[in-house]
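Engineer: First the structure, then my questions, so here it is.
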Amino acid sequence: MSAEKDQTDTFEIAGRRFRSRLILGTGKYKDFEETKRAVEASGAEMVTVAVRRVNITDTGKENLLDYISPKTYTILPNTAGCYTTAEAVRTCRLAREAGVGNLVKLEVIGDENTLFPDMTATLEAAKILVDDGFDVLPYITDDPVACRKLEDLGCAAVMPLAAPIGSGLGVRNPYNIKIIVEHAKVPVIVDAGVGTASDAAFAMELGCDALLMNTAIAGAGDPILMASAMKKAVEAGREAFRAGRIGKKLYATASSPITDLIG
């Protein structure tokens, strides 16, 4: 694979084109400086920010955007911590009023223990936001039917979870993710549940367009080193998907031909 071809392997969300297929969350780091260093090590071009938890609207206080510049990165405000349609819609509008833009990650949580999304509320909020001019990236269960409905509503991408947020369990249902990838006409971004680099590579090997993570990096013993590891894992998984893996077989197949042996 030539370097020139690598440069053409990009993906697009709502008219924005990205080379990096790793999207980083910005919560749980010890401070904004560590957040900045992790983002730089990851090679990410897009970062997501919980509007209700991280300051990006009050210029009179320490602001994440002083460390992660919107001139360098695409800022993806998210509605983490919202449990109703109204809360999520209001949070997105607040971010837009603050000048962050129309690209938003929609989360409407339905269960406090698993942090699984409330799919009914997510669909309701997605429709309102799309109609209001937002480019919506919804966090959802790994449900192919829900993905299709959100795509039909006009969402710019779908973001099925790999496992519960912060669990580190990796992709629990690769078959559903594969079905989603095969049928989606918008980018598929696996969101939540990745624990380590092998999880990231596996998710990308399934054919996902990108991967979003936070806890796996911010909660690591060395977040900066883990960010670097995740960058390599996402790249390796993507290349493996493009290359096409060999088929699985029950019995061995000789690496060398057994005809015309010497001696």
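Each chain in the structure tokens gets a letter, A, B and so on, in the order shown; residues start at 1 in every chain, and ligands are counted from 1 in the order they appear.
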Which residues, written as JSON, numbers by chain, have at least one atom at most 10 Å from segment 84-94 of chain A, with only C-alpha atoms counted and residues fewer than 2 positions away on the same chain left out?
Structural biologist: {"A": [50, 51, 52, 57, 77, 78, 79, 80, 81, 82, 96, 97, 98, 99, 100, 101, 102, 103, 104, 105, 106, 107, 108, 109, 110, 118, 120, 121, 122, 123, 124, 125, 126, 128, 129, 132, 134, 136]}
Engineer: Those same residues, written as an mmCIF file, in the first residue's frame with C-alpha atoms?
Structural biologist:
data_model
loop_
_atom_site.group_PDB
_atom_site.id
_atom_site.type_symbol
_atom_site.label_atom_id
_atom_site.label_comp_id
_atom_site.auth_asym_id
_atom_site.auth_seq_id
_atom_site.Cartn_x
_atom_site.Cartn_y
_atom_site.Cartn_z
ATOM 1 C CA ALA A 50 -19.662 17.310 27.172
ATOM 2 C CA VAL A 51 -21.348 20.722 27.139
ATOM 3 C CA ARG A 52 -22.939 20.177 30.566
ATOM 4 C CA THR A 57 -19.121 28.636 26.819
ATOM 5 C CA PRO A 77 -20.270 19.102 21.466
ATOM 6 C CA ASN A 78 -22.202 16.266 23.069
ATOM 7 C CA THR A 79 -25.235 15.985 25.300
ATOM 8 C CA ALA A 80 -23.738 13.661 27.937
ATOM 9 C CA GLY A 81 -25.739 13.803 31.145
ATOM 10 C CA CYS A 82 -29.057 14.412 29.388
ATOM 11 C CA ARG A 96 -24.604 26.429 18.805
ATOM 12 C CA GLU A 97 -25.314 29.768 20.454
ATOM 13 C CA ALA A 98 -21.801 29.628 21.911
ATOM 14 C CA GLY A 99 -20.452 29.483 18.374
ATOM 15 C CA VAL A 100 -19.345 25.852 18.313
ATOM 16 C CA GLY A 101 -21.420 25.000 15.247
ATOM 17 C CA ASN A 102 -24.111 22.607 14.056
ATOM 18 C CA LEU A 103 -22.244 19.286 14.331
ATOM 19 C CA VAL A 104 -23.394 17.569 17.543
ATOM 20 C CA LYS A 105 -23.182 14.200 19.241
ATOM 21 C CA LEU A 106 -26.596 13.292 20.597
ATOM 22 C CA GLU A 107 -26.831 11.274 23.820
ATOM 23 C CA VAL A 108 -30.080 10.694 25.693
ATOM 24 C CA ILE A 109 -29.413 8.281 28.540
ATOM 25 C CA GLY A 110 -32.138 5.871 29.569
ATOM 26 C CA ASP A 118 -33.094 5.809 25.567
ATOM 27 C CA THR A 120 -37.307 6.480 21.857
ATOM 28 C CA ALA A 121 -36.053 9.806 23.215
ATOM 29 C CA THR A 122 -33.004 9.659 20.951
ATOM 30 C CA LEU A 123 -35.186 9.291 17.862
ATOM 31 C CA GLU A 124 -37.401 12.168 19.021
ATOM 32 C CA ALA A 125 -34.449 14.453 19.712
ATOM 33 C CA ALA A 126 -32.736 13.516 16.453
ATOM 34 C CA ILE A 128 -36.074 17.868 16.203
ATOM 35 C CA LEU A 129 -32.384 18.640 15.787
ATOM 36 C CA ASP A 132 -33.477 22.582 13.221
ATOM 37 C CA PHE A 134 -28.073 20.330 13.106
ATOM 38 C CA VAL A 136 -26.540 14.870 14.263
#
Engineer: What are the DSSP strand (DSSP E) residues of segment 26-258 of chain A, as a VMD selection string?
Structural biologist: chain A and resid 46 to 50 74 to 78 103 to 106 135 to 140 159 to 160 189 to 191 210 to 213
Engineer: Tell me, in Å to one decimal, how far atom CA of Ala163 of chain A is from atom CA of Lys185 of chain A.
Structural biologist: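 Between these atoms lies a distance of 22.9 Å.
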Engineer: Would you work out the distance separating atom CA of Val39 of chain A from atom CA of Gly25 of chain A, expressed in Å to one decimal?
Structural biologist: 8.9 Å
Engineer: Mind the document's chain letters and residue numbers, and return as an NGL selection string the residues of segment 70-203 of chain A that DSSP labels alpha helix (DSSP H).
Structural biologist: :A and (85-97 or 119-131 or 144-153 or 174-183 or 197-203)
Engineer: Mind checking which residues fall within 12 Å of Gln7 of chain A, counting only C-alpha atoms, ignoring those fewer than 6 positions away in the same chain, and posting them as a list in words?
Structural biologist: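 Close residues of Gln7 of chain A: Met1, Arg17, Phe18, Arg19 and Ser20 of chain A.
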Engineer: Can you write just those residues out, N, CA, C and O atoms, as a PDB file, in the first residue's frame?
Structural biologist:
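selection17.pdb written:
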ATOM      1  N   MET A   1       0.859  -1.200   0.000  1.00  0.00           N
ATOM      2  CA  MET A   1       0.000   0.000   0.000  1.00  0.00           C
ATOM      3  C   MET A   1       0.886   1.237   0.000  1.00  0.00           C
ATOM      4  O   MET A   1       1.746   1.413   0.859  1.00  0.00           O
ATOM      5  N   ARG A  17     -14.191  16.446   5.856  1.00  0.00           N
ATOM      6  CA  ARG A  17     -13.384  15.276   5.535  1.00  0.00           C
ATOM      7  C   ARG A  17     -12.265  15.107   6.561  1.00  0.00           C
ATOM      8  O   ARG A  17     -11.619  16.079   6.958  1.00  0.00           O
ATOM      9  N   PHE A  18     -12.046  13.858   6.983  1.00  0.00           N
ATOM     10  CA  PHE A  18     -11.067  13.555   8.024  1.00  0.00           C
ATOM     11  C   PHE A  18     -10.123  12.444   7.570  1.00  0.00           C
ATOM     12  O   PHE A  18     -10.551  11.487   6.922  1.00  0.00           O
ATOM     13  N   ARG A  19      -8.863  12.588   7.947  1.00  0.00           N
ATOM     14  CA  ARG A  19      -7.877  11.528   7.727  1.00  0.00           C
ATOM     15  C   ARG A  19      -7.816  10.600   8.937  1.00  0.00           C
ATOM     16  O   ARG A  19      -7.783   9.383   8.792  1.00  0.00           O
ATOM     17  N   SER A  20      -7.802  11.179  10.128  1.00  0.00           N
ATOM     18  CA  SER A  20      -7.771  10.360  11.339  1.00  0.00           C
ATOM     19  C   SER A  20      -9.143   9.749  11.579  1.00  0.00           C
ATOM     20  O   SER A  20     -10.178  10.432  11.496  1.00  0.00           O
TER      21      SER A  20
END
Engineer: Could you pull the residues within 6 Å of Asp209 of chain A, counting only C-alpha atoms, minus those fewer than 5 positions along the same chain, as a list in words?
Structural biologist: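 With the cut-off at 6 Å, the set is Pro187, Val188 and Ile189 of chain A.
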Engineer: For the selection just defined, write its residues with N, CA, C and O atoms to a file, as a tab-separated table (two decimals), in the first residue's frame.
Structural biologist:
chain	number	residue	atom	x	y	z
A	187	PRO	N	-21.57	7.24	7.68
A	187	PRO	CA	-20.48	6.67	8.46
A	187	PRO	C	-20.96	5.96	9.73
A	187	PRO	O	-21.91	6.41	10.38
A	188	VAL	N	-20.30	4.86	10.05
A	188	VAL	CA	-20.56	4.11	11.27
A	188	VAL	C	-19.37	4.32	12.21
A	188	VAL	O	-18.24	3.97	11.86
A	189	ILE	N	-19.64	4.91	13.37
A	189	ILE	CA	-18.59	5.22	14.34
A	189	ILE	C	-18.88	4.45	15.62
A	189	ILE	O	-19.88	4.71	16.29
Engineer: Here is a test: counting only C-alpha atoms, which residue of A:Leu206, A:Leu76, A:Ala254, A:Cys155 is nearest to Ala240 of chain A?
Structural biologist: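 With only C-alpha atoms as the atom set, the closest residue is A:Leu206.
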Engineer: Using only C-alpha atoms, which residues sit within 12 Å of Arg245 of chain A once same-chain residues fewer than 5 positions away are excluded, as a PyMOL selection string?
Structural biologist: chain A and resi 202+205-207+237-240
